[in-house]
Structure formats: C-alpha cells, structure tokens
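Undergrad: One structure follows; several queries about it will come next.
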Amino acid sequence: MFLYMDLDTYLGLNNNPAELAGHGHLPAALARHIATGPNTVLRRIITDPLSGQVLDLGRERYRPTAGLGEFVRVRDRECRRPGCHRVAQACDLDHSLPWQHGGHTNADDLVALCRRDHRLKDEPGWTYRLASDGTLTITTPTGQTYNSTPPPLHQPRPRSIEEEPPPF
C-alpha cells in the first residue's frame, strides 16, 4: 500500500493532505504519524511539492522508478565522474552510499555513472558522497578527492518584483 505526500508536508512545513492509495485523502498530521511510525507496513513515497515527481522511495526499494531515473539523468546530464562525458541516458544509476550500507533510493543518493565508473566505484577504497546541493565528492583509495557538480540547465536569472510570491 502506498502513502503519497509531498516533501514539505512530510517535514511538517505545511499541512497539505496526503493520499493513501485506494482509500483517498488523509489529514497531514495523520499521514506524518503513519509515515514515521516504527511499525508501519506502508511504503513511504515522498514527492517534490512543485513538480509532483517522486523524490524518495525509502529503503524498501532498490531500483528507482522510471520517473526518478529520468529526474536523475536529466539532473546529471552525463556521467558524474569528473572528466567522463558519457551522456547520462547511457549510464547506470547507482547509489552514492551503497544501498546495502544504508543508501536510499532517492534523488539525494542516486547518481548517473557510466558502466566503467560504476564498476570502479565498487572497488575497495573508493567512497562517493552526494551532498544536498548535488555535489558529488569522490575519494580515491590514495585519499585524493574530486568534486562533480551537475551544471545548471540554464543560467539563473534574477526574480522581478512581479514574480515574488505573495507574502501570505
């Protein structure tokens, strides 16, 4: 059974209703209680409040959904190892923190790596850490670190006064 709620609701930043698959809407407080309960048998699916795309499938699922995979590939654009330019659509999706060591199947843990770099990552002594801003830090067995940040799809533009959200 699936419990759908946006990230802001899950974090308690708003009180948008959640949806219990096959049963309809639930109040935010009840949904948070169910989603975070120690004995819950529901599957938690966190969505982006703006796009509605899946952000997190929790620990129960190893493989990402098609939507999450598409999101990661669009975000990364190419293999995340610095210097490798294989397009992300031809890459594997891999957990930066291995799933068997507590990694999550979400956009904050998945990266696009070409098959060669995916295999290299699994060799002893290599560590990969993905920061919340999308920066991937790779540490080699000799202790060297390299950072990889996906480029923006367009240059940020300043917001005009007309685009500012209302104050309420």
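We label chains A, B, ... in the order they appear in the structure tokens, count residues from 1 in each chain, and number ligands from 1 in the order shown.
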Do you have, as JSON lines, the list of residues of stretch 38-115 of chain A lying at most 8 Å from stretch 6-23 of chain A, each with its nearest atom pair and that distance in Å to one decimal, counting only C-alpha atoms and ordered by chain then number?
TA:
```
{"residue": "A:Ile46", "atom": "CA", "partner": "A:Asp6", "partner_atom": "CA", "distance": 5.4}
{"residue": "A:Thr47", "atom": "CA", "partner": "A:Asp6", "partner_atom": "CA", "distance": 4.5}
{"residue": "A:Asp48", "atom": "CA", "partner": "A:Asp6", "partner_atom": "CA", "distance": 5.7}
{"residue": "A:Pro49", "atom": "CA", "partner": "A:Asp6", "partner_atom": "CA", "distance": 5.1}
{"residue": "A:Gly52", "atom": "CA", "partner": "A:Asp6", "partner_atom": "CA", "distance": 7.4}
```
Undergrad: Would you write out those residues with C-alpha atoms, as a short mmCIF file (atom, residue, chain, number, x, y, z; two decimals), in the first residue's frame?
TA:
```cif
data_model
loop_
_atom_site.label_atom_id
_atom_site.label_comp_id
_atom_site.auth_asym_id
_atom_site.auth_seq_id
_atom_site.Cartn_x
_atom_site.Cartn_y
_atom_site.Cartn_z
CA ILE A 46 7.90 11.49 -0.94
CA THR A 47 7.18 13.81 -3.86
CA ASP A 48 8.50 17.21 -4.89
CA PRO A 49 5.86 19.78 -3.87
CA GLY A 52 4.90 16.17 -8.11
#
```
Undergrad: Can you tell me which residues surround A:Val87 at a distance of at most 12 Å, considering only C-alpha atoms, apart from same-chain residues fewer than 6 positions away, and format the answer as a VMD selection string?
TA: chain A and resid 73 to 81 112 to 115
Undergrad: Tell me, as a VMD selection string, which residues lie within 9 Å of A:Leu97, counting only C-alpha atoms; anything in the same chain fewer than 3 positions away does not count.
TA: chain A and resid 94 100 to 104 109 to 110 127 to 130
Undergrad: How would you write, as a ChimeraX atom specification, the set of residues in stretch 8-167 of chain A that DSSP gives as helix (DSSP H, G or I)?
TA: /A:8-10,28-36,66-76,88-90,99-101,115-121,161-163
Undergrad: Please measure the separation of atom CA of A:Leu30 and atom CA of A:Leu50, giving the value in Å to one decimal.
TA: 22.0 Å
